[in-house]
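Participant: The structure file coords_13.txt (compact mmCIF, C-alpha atoms (C1' of nucleotides)) is provided below.
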# COMPACT_ATOMS: atom_id res chain seq x y z
CA MET A 1344 0.00 0.00 0.00
CA VAL A 1345 1.44 3.28 -1.10
CA ALA A 1346 1.24 5.99 1.50
CA GLU A 1347 -1.21 8.61 0.31
CA SER A 1348 -1.54 12.14 1.47
CA GLU A 1349 -4.40 12.84 3.81
CA LEU A 1350 -5.22 15.96 1.92
CA ASN A 1351 -8.74 16.00 0.67
CA THR A 1352 -9.17 15.15 -2.97
CA GLY A 1353 -10.39 18.64 -3.78
CA LEU A 1354 -7.14 20.24 -2.77
CA LEU A 1355 -5.21 17.51 -4.57
CA LEU A 1356 -7.08 18.40 -7.76
CA PHE A 1357 -6.72 22.10 -7.29
CA ILE A 1358 -2.96 22.21 -6.76
CA PRO A 1359 -1.92 20.89 -10.18
CA TYR A 1360 -4.74 22.77 -11.86
CA ARG A 1361 -3.48 26.05 -10.55
CA ALA A 1362 0.11 25.13 -11.36
CA LEU A 1363 -0.84 24.50 -14.98
CA GLU A 1364 -2.93 27.65 -15.24
CA ASN A 1365 -0.09 29.72 -13.83
CA ARG A 1366 2.38 28.27 -16.30
CA VAL A 1367 0.16 28.90 -19.30
CA PHE A 1368 -0.64 32.37 -18.12
CA ALA A 1369 3.01 33.26 -17.58
CA ALA A 1370 4.01 31.92 -20.99
CA LEU A 1371 1.28 33.85 -22.75
CA ALA A 1372 2.25 37.03 -20.94
CA GLU A 1373 5.84 36.55 -21.99
CA ALA A 1374 4.74 36.09 -25.59
CA GLY A 1375 2.99 39.45 -25.48
CA PHE A 1376 -0.50 38.21 -24.63
CA ASP A 1377 -0.60 40.05 -21.34
CA ASP A 1378 -3.82 41.95 -21.84
CA PHE A 1379 -6.31 39.45 -20.57
CA THR A 1380 -7.09 37.90 -17.21
CA PRO A 1381 -7.64 34.35 -15.96
CA ALA A 1382 -11.37 34.98 -15.70
CA GLN A 1383 -11.50 36.06 -19.32
CA ALA A 1384 -9.43 33.04 -20.33
CA ARG A 1385 -11.83 30.67 -18.58
CA VAL A 1386 -14.64 32.03 -20.71
CA MET A 1387 -12.61 32.16 -23.91
CA GLN A 1388 -11.62 28.51 -23.44
CA ARG A 1389 -15.22 27.47 -23.94
CA ILE A 1390 -15.77 29.13 -27.29
CA GLY A 1391 -16.39 26.52 -29.97
CA PRO A 1392 -14.98 26.63 -33.51
CA ASN A 1393 -18.25 27.95 -34.93
CA GLY A 1394 -18.89 30.40 -32.16
CA THR A 1395 -20.88 30.01 -28.99
CA ARG A 1396 -23.77 31.94 -27.53
CA LEU A 1397 -23.19 34.09 -24.51
CA THR A 1398 -25.72 32.20 -22.43
CA GLU A 1399 -24.05 28.91 -23.21
CA LEU A 1400 -20.64 30.31 -22.33
CA ALA A 1401 -22.05 31.55 -19.05
CA GLU A 1402 -23.52 28.17 -18.20
CA GLN A 1403 -20.36 26.28 -18.99
CA ALA A 1404 -18.12 28.67 -17.12
CA GLN A 1405 -20.69 28.68 -14.30
CA VAL A 1406 -21.11 32.40 -14.08
CA THR A 1407 -24.16 34.55 -14.71
CA LYS A 1408 -24.80 35.77 -18.22
CA GLN A 1409 -24.11 39.29 -16.99
CA THR A 1410 -20.66 38.28 -15.84
CA ALA A 1411 -19.98 36.44 -19.08
CA GLY A 1412 -21.13 39.49 -21.00
CA PHE A 1413 -18.83 41.71 -18.99
CA LEU A 1414 -15.85 39.45 -19.72
CA VAL A 1415 -16.70 39.10 -23.41
CA ASP A 1416 -16.93 42.88 -23.67
CA GLN A 1417 -13.34 43.15 -22.53
CA LEU A 1418 -12.15 40.31 -24.74
CA GLU A 1419 -13.82 41.97 -27.68
CA ARG A 1420 -12.21 45.32 -26.93
CA ALA A 1421 -8.81 43.60 -26.71
CA GLY A 1422 -9.33 41.88 -30.04
CA TYR A 1423 -9.61 38.29 -28.81
CA VAL A 1424 -13.23 37.67 -29.78
CA ARG A 1425 -15.90 38.99 -32.10
CA ARG A 1426 -19.66 38.98 -31.78
CA MET A 1427 -21.53 37.81 -34.88
CA PRO A 1428 -25.28 37.78 -35.37
CA ASP A 1429 -26.70 34.29 -34.99
CA PRO A 1430 -28.37 33.50 -38.31
CA THR A 1431 -30.86 31.20 -36.62
CA ASP A 1432 -32.02 33.58 -33.88
CA LYS A 1433 -32.20 37.33 -34.08
CA ARG A 1434 -32.03 37.73 -30.32
CA ALA A 1435 -28.75 35.87 -30.09
CA ARG A 1436 -25.20 36.59 -31.10
CA LEU A 1437 -22.39 34.12 -31.54
CA VAL A 1438 -19.16 34.84 -29.75
CA CYS A 1439 -16.28 33.76 -32.00
CA LEU A 1440 -12.53 33.65 -31.54
CA ALA A 1441 -10.83 36.52 -33.35
CA GLU A 1442 -7.36 36.90 -34.75
CA ARG A 1443 -5.57 37.60 -31.52
CA ALA A 1444 -7.00 34.51 -29.84
CA LEU A 1445 -6.04 32.35 -32.78
CA ALA A 1446 -2.51 33.71 -32.51
CA ALA A 1447 -2.39 32.89 -28.82
CA GLN A 1448 -3.68 29.35 -29.16
CA PRO A 1449 -0.44 27.73 -30.41
CA VAL A 1450 1.50 29.36 -27.57
CA ALA A 1451 -0.96 28.09 -24.98
CA GLY A 1452 -1.07 24.67 -26.59
CA ALA A 1453 2.69 24.37 -26.53
CA VAL A 1454 2.89 25.15 -22.83
CA VAL A 1455 0.12 22.73 -21.97
CA ALA A 1456 1.93 20.05 -23.93
CA GLU A 1457 5.19 20.90 -22.20
CA VAL A 1458 3.67 20.73 -18.73
CA GLU A 1459 1.87 17.50 -19.51
CA LYS A 1460 5.16 16.07 -20.70
CA GLU A 1461 6.79 17.05 -17.41
CA TRP A 1462 3.98 15.43 -15.50
CA GLU A 1463 4.28 12.28 -17.56
CA ALA A 1464 8.01 12.23 -16.90
CA HIS A 1465 7.31 12.43 -13.18
CA LEU A 1466 4.45 9.95 -13.03
CA GLY A 1467 5.44 7.58 -15.77
CA LYS A 1468 3.45 6.92 -18.91
CA ARG A 1469 1.16 4.39 -17.28
CA ARG A 1470 0.12 6.49 -14.30
CA MET A 1471 -0.33 9.61 -16.43
CA SER A 1472 -2.64 7.68 -18.70
CA GLN A 1473 -4.56 6.32 -15.72
CA LEU A 1474 -4.86 9.82 -14.33
CA ARG A 1475 -6.38 11.18 -17.51
CA GLN A 1476 -8.66 8.18 -17.78
CA ALA A 1477 -9.92 8.57 -14.23
CA LEU A 1478 -10.47 12.31 -14.66
CA THR A 1479 -12.33 11.78 -17.92
CA LEU A 1480 -14.58 9.24 -16.24
CA LEU A 1481 -15.10 11.55 -13.30
CA ARG A 1482 -16.26 14.22 -15.65
CA GLU A 1483 -19.33 12.15 -16.38
CA ILE A 1484 -20.66 12.76 -12.90
CA THR A 1485 -19.17 16.15 -12.14
CA ASP A 1486 -19.61 18.14 -15.34
CA PRO A 1487 -23.16 19.26 -15.90
CA TYR A 1488 -22.26 20.02 -19.52
CA ALA A 1489 -20.30 16.91 -20.41
CA MET B 535 -17.01 18.05 -31.16
CA VAL B 536 -13.86 17.56 -29.15
CA ALA B 537 -12.73 14.06 -28.39
CA GLU B 538 -12.63 13.44 -24.66
CA SER B 539 -9.06 12.30 -24.67
CA GLU B 540 -7.97 15.63 -26.10
CA LEU B 541 -9.52 17.82 -23.44
CA ASN B 542 -6.65 19.53 -21.70
CA THR B 543 -5.68 18.13 -18.35
CA GLY B 544 -6.18 21.45 -16.61
CA LEU B 545 -9.86 21.52 -17.38
CA LEU B 546 -10.15 17.86 -16.45
CA LEU B 547 -8.71 18.69 -13.03
CA PHE B 548 -10.79 21.78 -12.56
CA ILE B 549 -14.17 20.26 -13.28
CA PRO B 550 -14.27 17.80 -10.37
CA TYR B 551 -12.53 20.28 -8.10
CA ARG B 552 -15.27 22.79 -8.59
CA ALA B 553 -17.95 20.14 -8.27
CA LEU B 554 -16.59 19.15 -4.88
CA GLU B 555 -16.21 22.71 -3.68
CA ASN B 556 -19.77 23.49 -4.73
CA ARG B 557 -21.12 20.48 -2.87
CA VAL B 558 -19.28 21.31 0.33
CA PHE B 559 -20.29 24.92 0.11
CA ALA B 560 -23.94 24.08 -0.43
CA ALA B 561 -24.01 21.61 2.45
CA LEU B 562 -22.42 24.09 4.83
CA ALA B 563 -24.88 26.77 3.80
CA GLU B 564 -27.76 24.39 4.44
CA ALA B 565 -26.37 23.63 7.88
CA GLY B 566 -26.43 27.33 8.73
CA PHE B 567 -22.83 28.15 7.86
CA ASP B 568 -23.80 30.56 5.15
CA ASP B 569 -21.87 33.57 6.33
CA PHE B 570 -18.55 32.98 4.67
CA THR B 571 -17.28 32.90 1.12
CA PRO B 572 -15.17 30.48 -0.92
CA ALA B 573 -12.19 32.82 -0.71
CA GLN B 574 -12.46 32.89 3.07
CA ALA B 575 -12.76 29.11 3.12
CA ARG B 576 -9.63 28.68 1.06
CA VAL B 577 -7.69 30.62 3.65
CA MET B 578 -9.38 28.96 6.61
CA GLN B 579 -8.52 25.54 5.21
CA ARG B 580 -4.84 26.23 5.70
CA ILE B 581 -4.97 27.08 9.41
CA GLY B 582 -3.03 24.52 11.41
CA PRO B 583 -4.14 23.03 14.76
CA ASN B 584 -1.85 25.36 16.69
CA GLY B 585 -2.61 28.43 14.66
CA THR B 586 -0.83 29.85 11.65
CA ARG B 587 0.69 33.22 10.94
CA LEU B 588 -1.01 35.51 8.51
CA THR B 589 2.01 35.65 6.23
CA GLU B 590 2.17 31.88 6.04
CA LEU B 591 -1.54 31.65 5.27
CA ALA B 592 -1.07 34.19 2.51
CA GLU B 593 1.78 32.23 0.94
CA GLN B 594 -0.04 28.95 1.02
CA ALA B 595 -3.25 30.38 -0.37
CA GLN B 596 -1.16 32.28 -2.91
CA VAL B 597 -2.56 35.70 -2.16
CA THR B 598 -0.87 38.79 -0.77
CA LYS B 599 -0.74 39.25 2.98
CA GLN B 600 -3.09 42.21 2.56
CA THR B 601 -5.69 40.01 0.94
CA ALA B 602 -5.22 37.33 3.56
CA GLY B 603 -5.59 39.96 6.26
CA PHE B 604 -8.79 41.20 4.71
CA LEU B 605 -10.25 37.70 4.62
CA VAL B 606 -9.15 36.89 8.16
CA ASP B 607 -10.76 40.13 9.36
CA GLN B 608 -14.07 38.93 8.03
CA LEU B 609 -13.64 35.41 9.37
CA GLU B 610 -12.83 36.87 12.76
CA ARG B 611 -15.90 39.10 12.72
CA ALA B 612 -18.05 36.08 11.82
CA GLY B 613 -16.61 34.05 14.67
CA TYR B 614 -14.70 31.48 12.64
CA VAL B 615 -11.19 32.43 13.70
CA ARG B 616 -9.36 34.24 16.47
CA ARG B 617 -6.08 36.12 16.48
CA MET B 618 -3.70 35.26 19.32
CA PRO B 619 -0.39 36.89 20.08
CA ASP B 620 2.53 34.74 18.98
CA PRO B 621 4.57 34.06 22.12
CA THR B 622 7.76 33.76 20.11
CA ASP B 623 7.48 36.98 18.12
CA LYS B 624 5.81 40.15 19.26
CA ARG B 625 5.28 41.37 15.71
CA ALA B 626 3.30 38.29 14.77
CA ARG B 627 -0.11 36.92 15.65
CA LEU B 628 -1.36 33.39 15.24
CA VAL B 629 -4.63 32.90 13.44
CA CYS B 630 -6.51 30.06 15.11
CA LEU B 631 -9.76 28.28 14.36
CA ALA B 632 -12.54 29.43 16.67
CA GLU B 633 -15.69 27.73 17.85
CA ARG B 634 -17.75 28.28 14.74
CA ALA B 635 -15.11 26.79 12.47
CA LEU B 636 -14.76 23.76 14.72
CA ALA B 637 -18.52 23.30 14.52
CA ALA B 638 -18.43 23.48 10.72
CA GLN B 639 -15.58 21.03 10.27
CA PRO B 640 -17.57 17.81 10.82
CA VAL B 641 -20.21 18.98 8.36
CA ALA B 642 -17.60 19.71 5.70
CA GLY B 643 -15.78 16.48 6.40
CA ALA B 644 -18.95 14.47 6.01
CA VAL B 645 -19.72 15.97 2.61
CA VAL B 646 -16.20 15.43 1.36
CA ALA B 647 -16.41 11.81 2.45
CA GLU B 648 -19.79 11.44 0.78
CA VAL B 649 -18.59 12.89 -2.52
CA GLU B 650 -15.43 10.81 -2.47
CA LYS B 651 -17.58 7.76 -1.92
CA GLU B 652 -19.70 8.66 -4.95
CA TRP B 653 -16.59 9.08 -7.02
CA GLU B 654 -15.27 5.75 -5.85
CA ALA B 655 -18.56 4.14 -6.75
CA HIS B 656 -18.29 5.56 -10.25
CA LEU B 657 -14.61 4.85 -10.83
CA GLY B 658 -14.22 1.68 -8.86
CA LYS B 659 -11.95 1.26 -5.87
CA ARG B 660 -8.87 0.60 -7.95
CA ARG B 661 -9.11 3.61 -10.20
CA MET B 662 -10.03 5.92 -7.33
CA SER B 663 -6.95 4.79 -5.48
CA GLN B 664 -4.82 5.27 -8.58
CA LEU B 665 -6.26 8.76 -8.99
CA ARG B 666 -5.34 9.82 -5.49
CA GLN B 667 -1.95 8.25 -5.84
CA ALA B 668 -1.22 10.06 -9.10
CA LEU B 669 -2.44 13.38 -7.70
CA THR B 670 -0.34 12.97 -4.58
CA LEU B 671 2.72 12.29 -6.70
CA LEU B 672 1.90 15.25 -8.91
CA ARG B 673 1.84 17.46 -5.89
CA GLU B 674 5.58 16.95 -5.51
CA ILE B 675 6.24 18.96 -8.63
CA THR B 676 3.29 21.34 -8.58
CA ASP B 677 2.93 22.46 -4.96
CA PRO B 678 5.48 25.05 -3.94
CA TYR B 679 4.59 24.44 -0.29
CA ALA B 680 4.47 20.65 -0.25
C1' DC C 268 25.70 48.14 21.47
C1' DC C 269 23.81 50.39 17.70
C1' DA C 270 22.68 50.99 12.78
C1' DA C 271 20.94 48.68 8.81
C1' DT C 272 18.25 45.24 6.93
C1' DT C 273 14.61 41.99 7.08
C1' DT C 274 10.19 40.33 8.47
C1' DA C 275 5.07 40.60 10.34
C1' DG C 276 1.37 43.09 9.73
C1' DT C 277 -1.71 47.22 8.73
C1' DC C 278 -3.82 51.23 6.11
C1' DA C 279 -5.41 53.38 1.85
C1' DG C 280 -6.71 53.24 -2.76
C1' DC C 281 -7.74 51.10 -7.03
C1' DG C 282 -9.51 47.94 -10.47
C1' DG C 283 -11.46 43.46 -11.59
C1' DC C 284 -14.98 39.90 -10.87
C1' DT C 285 -19.48 38.41 -9.85
C1' DC C 286 -23.84 38.87 -8.12
C1' DT C 287 -29.08 40.54 -7.99
C1' DG C 288 -32.75 42.95 -10.01
C1' DA C 289 -34.94 45.15 -13.74
C1' DC C 290 -35.57 45.55 -18.35
C1' DC C 291 -36.11 44.88 -23.71
C1' DA C 292 -36.39 42.04 -27.91
C1' DT C 293 -37.32 37.84 -30.05
C1' DC C 294 -38.84 33.04 -30.27
C1' DG C 295 -42.02 29.24 -29.91
C1' DT C 296 -46.49 27.70 -28.94
C1' DC C 297 -51.36 27.59 -28.57
C1' DG D 263 -51.90 37.31 -32.03
C1' DA D 264 -51.27 36.67 -27.02
C1' DC D 265 -48.17 34.58 -23.73
C1' DG D 266 -44.55 32.34 -21.43
C1' DA D 267 -39.71 31.19 -22.27
C1' DT D 268 -35.18 32.52 -23.91
C1' DG D 269 -31.02 35.64 -25.33
C1' DG D 270 -29.05 39.56 -23.97
C1' DT D 271 -28.17 44.25 -21.81
C1' DC D 272 -28.07 48.00 -18.16
C1' DA D 273 -27.47 49.60 -13.40
C1' DG D 274 -25.94 49.07 -8.90
C1' DA D 275 -23.67 46.79 -5.26
C1' DG D 276 -20.25 43.97 -2.76
C1' DC D 277 -16.30 41.02 -2.61
C1' DC D 278 -11.65 39.96 -4.00
C1' DG D 279 -7.00 40.84 -4.89
C1' DC D 280 -3.46 43.91 -6.20
C1' DT D 281 0.27 47.83 -5.44
C1' DG D 282 2.36 51.20 -2.61
C1' DA D 283 3.42 53.18 1.69
C1' DC D 284 3.83 52.69 6.36
C1' DT D 285 4.81 50.99 11.62
C1' DA D 286 6.81 47.87 14.77
C1' DA D 287 9.63 44.19 16.10
C1' DA D 288 13.41 40.92 15.06
C1' DT D 289 17.85 39.89 13.11
C1' DT D 290 22.33 40.81 11.42
C1' DG D 291 26.94 42.90 11.26
C1' DG D 292 30.29 45.98 12.64
Produce C-alpha cells that represent the structure in this file.
Facilitator:
Amino acid sequence: MVAESELNTGLLLFIPYRALENRVFAALAEAGFDDFTPAQARVMQRIGPNGTRLTELAEQAQVTKQTAGFLVDQLERAGYVRRMPDPTDKRARLVCLAERALAAQPVAGAVVAEVEKEWEAHLGKRRMSQLRQALTLLREITDPYA
Amino acid sequence: MVAESELNTGLLLFIPYRALENRVFAALAEAGFDDFTPAQARVMQRIGPNGTRLTELAEQAQVTKQTAGFLVDQLERAGYVRRMPDPTDKRARLVCLAERALAAQPVAGAVVAEVEKEWEAHLGKRRMSQLRQALTLLREITDPYA
DNA sequence: CCAATTTAGTCAGCGGCTCTGACCATCGTC
DNA sequence: GACGATGGTCAGAGCCGCTGACTAAATTGG
C-alpha cells in the first residue's frame, strides 16, 4: 500500500490545476498576450470553432450571463473575440474567436503540452494515462455540460 | 465536437474540483454556515491546529498578505477564527480556528467523504486509489509548499 | 551596542470579478 | 396574435486581490 496524502481530494485536484494555469498564463504574458485575465481566459476557453452563444458560455463557465457578458466585452475590446449575429435567432449573437485569440492558441497549446510532458516524466506513462482516464470518467458525474 | 481524450488536463482537473467545492459549500450553507465565502474558506482551510501566521496563510493560499488579512478580518468578525499573540514573536499573531469553524468542520468532512464515496462508486476502488496516488505524486512537482 | 536590513502586519486606494434585479427584444407555442 | 420562455443588456452593489506606503519588532553585522 502506497502511503497517500491525507489531503482531501479537492485540494489535490486544485494544486496541479493552478500550477498549470499559472504556467500557461506566464508563458502567454511573456509572448505578449498580457492583456487578458484568468477569468477572461476561462470564458474564452469554452468558445467553440463555430462560435458560442453568450448564455451557453455563461452556463459552462458557471457564471451569470451578466458576468460572461462583462468578460466578453473586454475580450472583444482587446481583439480576442468577435460577436456575430446568430443566423438562426435574431435575439442571439455568436461569440467567435478573433485573430488575436487564434494567434495565442499555439503558444498556450505548446505550454500545456510541455507541462503535460513534465507530468508524464514524473508519473510515468502508465500512471499519467490512468490519471487522464480517471479524470475523464469523473467528468461524467461532475460536469453538468459533459 | 472535441474528443474526450484531447480535453486539456487542466480543465479535467478543474471540473471535479469545482464540483466538490460546490457540494461542500452548499451543504455548509444548508447547515447554517452561510456567512462565509469560498475565498475565506480557502484561507481557513490552511490554518493549522496550533494556529498559523497571517504571512504563512497568505503564501499557502497564494494571495498577498493584505488580501489574507482582509479575509481573516471577516472570518474573525463572523466568529470562525481568532487572532492570538505569537509568544515567540511580538510582531506576529497566530490565526486560530474558533468555535464556529470547529462546529463546521464535521459537516464539511462528512460531505467530502460522501462525494469521495460517490466518485469511488463511479470509478471503482482501484481507479479511485490510482487517482489519489497520481495526484499525490503530482503534488511533488506542482505544490510550492508541499 | 547600535545601525541597517529583514520580516510581520496594517492602512489606503484602485480595479477586476461576480452577483441581484430590472428591463427589452425575439422566439415558440397555442 | 397573445403569452410564457429565452437571449441579452443596463445599473448598482459587494467582494476579492493587487500595489504602494507605512509601523513595529526581530535579526544581522560591525
Participant: Please, which residues of chain D lie no more than 10 Å from chain A when the count uses only C-alpha atoms (C1' of nucleotides), and can they be set out as a PyMOL selection string?
Facilitator: chain D and resi 268-272
Participant: For each of A:Thr1395, A:Gln1388, A:Phe1379, A:Thr1407, take the minimum atom-to-atom distance to chain B, counting all atoms listed in the file, then give the residue where this is smallest.
Facilitator: A:Gln1388
Participant: For atom CA of B:Arg552 and atom CA of A:Thr1485, determine how far apart the two atoms are, in Å to one decimal place.
Facilitator: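 Computing the Euclidean distance for atom CA of B:Arg552 and atom CA of A:Thr1485 yields 8.5 Å.
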Participant: Restricting the calculation to only C-alpha atoms (C1' of nucleotides), which member of A:Val1406, A:Ile1358, A:Val1386, A:Val1367 is positioned closest to chain C?
Facilitator: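 Ranked by minimum distance to chain C, first place goes to A:Val1406.
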Participant: How would chain B read as a short mmCIF file (atom, residue, chain, number, x, y, z; two decimals) with C-alpha atoms, in the coordinates of the input once least-squares superposed on chain A using all paired C-alpha atoms?
Facilitator:
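Writing the result to part30.cif gives the following:
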data_model
loop_
_atom_site.label_atom_id
_atom_site.label_comp_id
_atom_site.auth_asym_id
_atom_site.auth_seq_id
_atom_site.Cartn_x
_atom_site.Cartn_y
_atom_site.Cartn_z
CA MET B 535 2.02 15.47 9.45
CA VAL B 536 -0.68 14.18 7.15
CA ALA B 537 -0.10 10.96 5.31
CA GLU B 538 -0.18 11.49 1.57
CA SER B 539 -2.79 8.87 0.98
CA GLU B 540 -5.20 10.72 3.24
CA LEU B 541 -5.05 14.05 1.46
CA ASN B 542 -8.51 14.65 0.09
CA THR B 543 -8.96 14.01 -3.58
CA GLY B 544 -10.20 17.52 -4.23
CA LEU B 545 -6.93 19.07 -3.20
CA LEU B 546 -5.04 16.43 -5.14
CA LEU B 547 -6.95 17.46 -8.26
CA PHE B 548 -6.60 21.14 -7.64
CA ILE B 549 -2.86 21.24 -7.15
CA PRO B 550 -1.84 20.09 -10.64
CA TYR B 551 -4.70 22.01 -12.21
CA ARG B 552 -3.42 25.24 -10.80
CA ALA B 553 0.16 24.38 -11.68
CA LEU B 554 -0.84 23.91 -15.30
CA GLU B 555 -2.92 27.06 -15.43
CA ASN B 556 -0.07 29.06 -13.93
CA ARG B 557 2.39 27.73 -16.49
CA VAL B 558 0.14 28.50 -19.43
CA PHE B 559 -0.64 31.92 -18.09
CA ALA B 560 3.01 32.77 -17.54
CA ALA B 561 4.01 31.58 -21.01
CA LEU B 562 1.27 33.61 -22.67
CA ALA B 563 2.26 36.69 -20.71
CA GLU B 564 5.86 36.24 -21.81
CA ALA B 565 4.73 35.97 -25.41
CA GLY B 566 3.00 39.33 -25.13
CA PHE B 567 -0.49 38.08 -24.33
CA ASP B 568 -0.56 39.74 -20.97
CA ASP B 569 -3.75 41.70 -21.35
CA PHE B 570 -6.28 39.17 -20.19
CA THR B 571 -7.10 37.47 -16.93
CA PRO B 572 -7.67 33.86 -15.85
CA ALA B 573 -11.41 34.49 -15.59
CA GLN B 574 -11.48 35.78 -19.15
CA ALA B 575 -9.46 32.78 -20.28
CA ARG B 576 -11.86 30.36 -18.68
CA VAL B 577 -14.67 31.83 -20.72
CA MET B 578 -12.63 32.11 -23.91
CA GLN B 579 -11.69 28.44 -23.64
CA ARG B 580 -15.29 27.44 -24.18
CA ILE B 581 -15.85 29.30 -27.46
CA GLY B 582 -16.51 26.85 -30.26
CA PRO B 583 -15.09 27.11 -33.81
CA ASN B 584 -18.34 28.55 -35.13
CA GLY B 585 -18.95 30.87 -32.24
CA THR B 586 -20.96 30.34 -29.08
CA ARG B 587 -23.82 32.23 -27.53
CA LEU B 588 -23.20 34.22 -24.41
CA THR B 589 -25.76 32.26 -22.43
CA GLU B 590 -24.13 28.98 -23.37
CA LEU B 591 -20.69 30.30 -22.42
CA ALA B 592 -22.09 31.38 -19.08
CA GLU B 593 -23.56 27.96 -18.37
CA GLN B 594 -20.44 26.10 -19.28
CA ALA B 595 -18.17 28.38 -17.29
CA GLN B 596 -20.71 28.24 -14.47
CA VAL B 597 -21.13 31.97 -14.08
CA THR B 598 -24.16 34.16 -14.62
CA LYS B 599 -24.77 35.59 -18.07
CA GLN B 600 -24.05 39.03 -16.62
CA THR B 601 -20.61 37.93 -15.53
CA ALA B 602 -19.97 36.25 -18.85
CA GLY B 603 -21.08 39.41 -20.62
CA PHE B 604 -18.72 41.48 -18.54
CA LEU B 605 -15.79 39.22 -19.37
CA VAL B 606 -16.65 39.07 -23.07
CA ASP B 607 -16.83 42.88 -23.14
CA GLN B 608 -13.26 43.03 -21.98
CA LEU B 609 -12.09 40.29 -24.32
CA GLU B 610 -13.74 42.12 -27.18
CA ARG B 611 -12.08 45.40 -26.26
CA ALA B 612 -8.70 43.62 -26.13
CA GLY B 613 -9.24 42.10 -29.55
CA TYR B 614 -9.57 38.47 -28.51
CA VAL B 615 -13.19 37.93 -29.51
CA ARG B 616 -15.85 39.40 -31.75
CA ARG B 617 -19.62 39.44 -31.45
CA MET B 618 -21.53 38.45 -34.59
CA PRO B 619 -25.26 38.48 -35.08
CA ASP B 620 -26.75 35.00 -34.88
CA PRO B 621 -28.47 34.41 -38.23
CA THR B 622 -30.99 32.08 -36.64
CA ASP B 623 -32.09 34.31 -33.77
CA LYS B 624 -32.19 38.07 -33.80
CA ARG B 625 -32.02 38.29 -30.02
CA ALA B 626 -28.77 36.37 -29.88
CA ARG B 627 -25.19 37.08 -30.87
CA LEU B 628 -22.41 34.59 -31.42
CA VAL B 629 -19.17 35.18 -29.61
CA CYS B 630 -16.31 34.18 -31.90
CA LEU B 631 -12.56 34.00 -31.46
CA ALA B 632 -10.82 36.93 -33.12
CA GLU B 633 -7.34 37.33 -34.51
CA ARG B 634 -5.55 37.84 -31.23
CA ALA B 635 -7.01 34.69 -29.70
CA LEU B 636 -6.07 32.67 -32.76
CA ALA B 637 -2.53 33.98 -32.42
CA ALA B 638 -2.40 32.97 -28.76
CA GLN B 639 -3.74 29.46 -29.26
CA PRO B 640 -0.52 27.87 -30.58
CA VAL B 641 1.44 29.35 -27.70
CA ALA B 642 -1.00 27.96 -25.14
CA GLY B 643 -1.15 24.62 -26.90
CA ALA B 644 2.61 24.31 -26.88
CA VAL B 645 2.85 24.92 -23.14
CA VAL B 646 0.09 22.46 -22.37
CA ALA B 647 1.88 19.86 -24.46
CA GLU B 648 5.16 20.64 -22.72
CA VAL B 649 3.67 20.32 -19.24
CA GLU B 650 1.86 17.12 -20.14
CA LYS B 651 5.13 15.75 -21.40
CA GLU B 652 6.81 16.60 -18.09
CA TRP B 653 4.03 14.89 -16.22
CA GLU B 654 4.33 11.84 -18.42
CA ALA B 655 8.05 11.77 -17.79
CA HIS B 656 7.41 11.79 -14.05
CA LEU B 657 4.54 9.31 -13.99
CA GLY B 658 5.53 7.07 -16.82
CA LYS B 659 3.50 6.54 -19.97
CA ARG B 660 1.25 3.94 -18.41
CA ARG B 661 0.23 5.90 -15.36
CA MET B 662 -0.26 9.10 -17.35
CA SER B 663 -2.58 7.26 -19.67
CA GLN B 664 -4.45 5.75 -16.74
CA LEU B 665 -4.78 9.22 -15.21
CA ARG B 666 -6.35 10.70 -18.30
CA GLN B 667 -8.58 7.71 -18.69
CA ALA B 668 -9.82 7.92 -15.10
CA LEU B 669 -10.40 11.67 -15.37
CA THR B 670 -12.29 11.26 -18.62
CA LEU B 671 -14.51 8.64 -17.03
CA LEU B 672 -15.01 10.84 -13.99
CA ARG B 673 -16.21 13.60 -16.21
CA GLU B 674 -19.30 11.54 -17.00
CA ILE B 675 -20.58 12.00 -13.49
CA THR B 676 -19.10 15.37 -12.62
CA ASP B 677 -19.57 17.54 -15.71
CA PRO B 678 -23.11 18.81 -16.11
CA TYR B 679 -22.31 19.79 -19.70
CA ALA B 680 -20.44 16.69 -20.85
#
Participant: With all atoms listed in the file counted and 12 Å as the cut-off, give the residues of chain C in contact with chain A, each with its shortest interatomic distance in Å and the pair that gives it, as a Markdown table.
Facilitator:
| residue | atom | partner | partner_atom | distance |
| --- | --- | --- | --- | --- |
| C:DG283 | C1' | A:Thr1380 | CA | 9.0 |
| C:DC284 | C1' | A:Thr1410 | CA | 7.7 |
| C:DT285 | C1' | A:Thr1410 | CA | 6.1 |
| C:DC286 | C1' | A:Thr1407 | CA | 7.9 |
| C:DT287 | C1' | A:Thr1407 | CA | 10.3 |
| C:DG288 | C1' | A:Gln1409 | CA | 11.7 |
| C:DC291 | C1' | A:Arg1434 | CA | 10.6 |
| C:DA292 | C1' | A:Arg1434 | CA | 6.6 |
| C:DT293 | C1' | A:Arg1434 | CA | 5.3 |
| C:DC294 | C1' | A:Asp1432 | CA | 7.7 |
| C:DG295 | C1' | A:Asp1432 | CA | 11.6 |
Participant: Please compute the atom CA of B:Ala561-atom CA of B:Gly643 distance, one decimal, in Å.
Facilitator: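 Interatomic distance, atom CA of B:Ala561 to atom CA of B:Gly643: 10.5 Å.
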Participant: Mind listing as a short mmCIF file (atom, residue, chain, number, x, y, z; two decimals) with C-alpha atoms, keeping the file's coordinate frame which residues of chain B are within 7 Å of chain A, counting all atoms listed in the file?
Facilitator:
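This is the output file part-v8.cif:
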data_model
loop_
_atom_site.label_atom_id
_atom_site.label_comp_id
_atom_site.auth_asym_id
_atom_site.auth_seq_id
_atom_site.Cartn_x
_atom_site.Cartn_y
_atom_site.Cartn_z
CA GLU B 538 -12.63 13.44 -24.66
CA GLY B 544 -6.18 21.45 -16.61
CA LEU B 546 -10.15 17.86 -16.45
CA LEU B 547 -8.71 18.69 -13.03
CA PHE B 548 -10.79 21.78 -12.56
CA ILE B 549 -14.17 20.26 -13.28
CA PRO B 550 -14.27 17.80 -10.37
CA TYR B 551 -12.53 20.28 -8.10
CA ALA B 553 -17.95 20.14 -8.27
CA LEU B 554 -16.59 19.15 -4.88
CA TRP B 653 -16.59 9.08 -7.02
CA LEU B 657 -14.61 4.85 -10.83
CA ARG B 661 -9.11 3.61 -10.20
CA LEU B 665 -6.26 8.76 -8.99
CA GLN B 667 -1.95 8.25 -5.84
CA ALA B 668 -1.22 10.06 -9.10
CA LEU B 669 -2.44 13.38 -7.70
CA THR B 670 -0.34 12.97 -4.58
CA LEU B 671 2.72 12.29 -6.70
CA LEU B 672 1.90 15.25 -8.91
CA ARG B 673 1.84 17.46 -5.89
CA THR B 676 3.29 21.34 -8.58
CA ASP B 677 2.93 22.46 -4.96
#
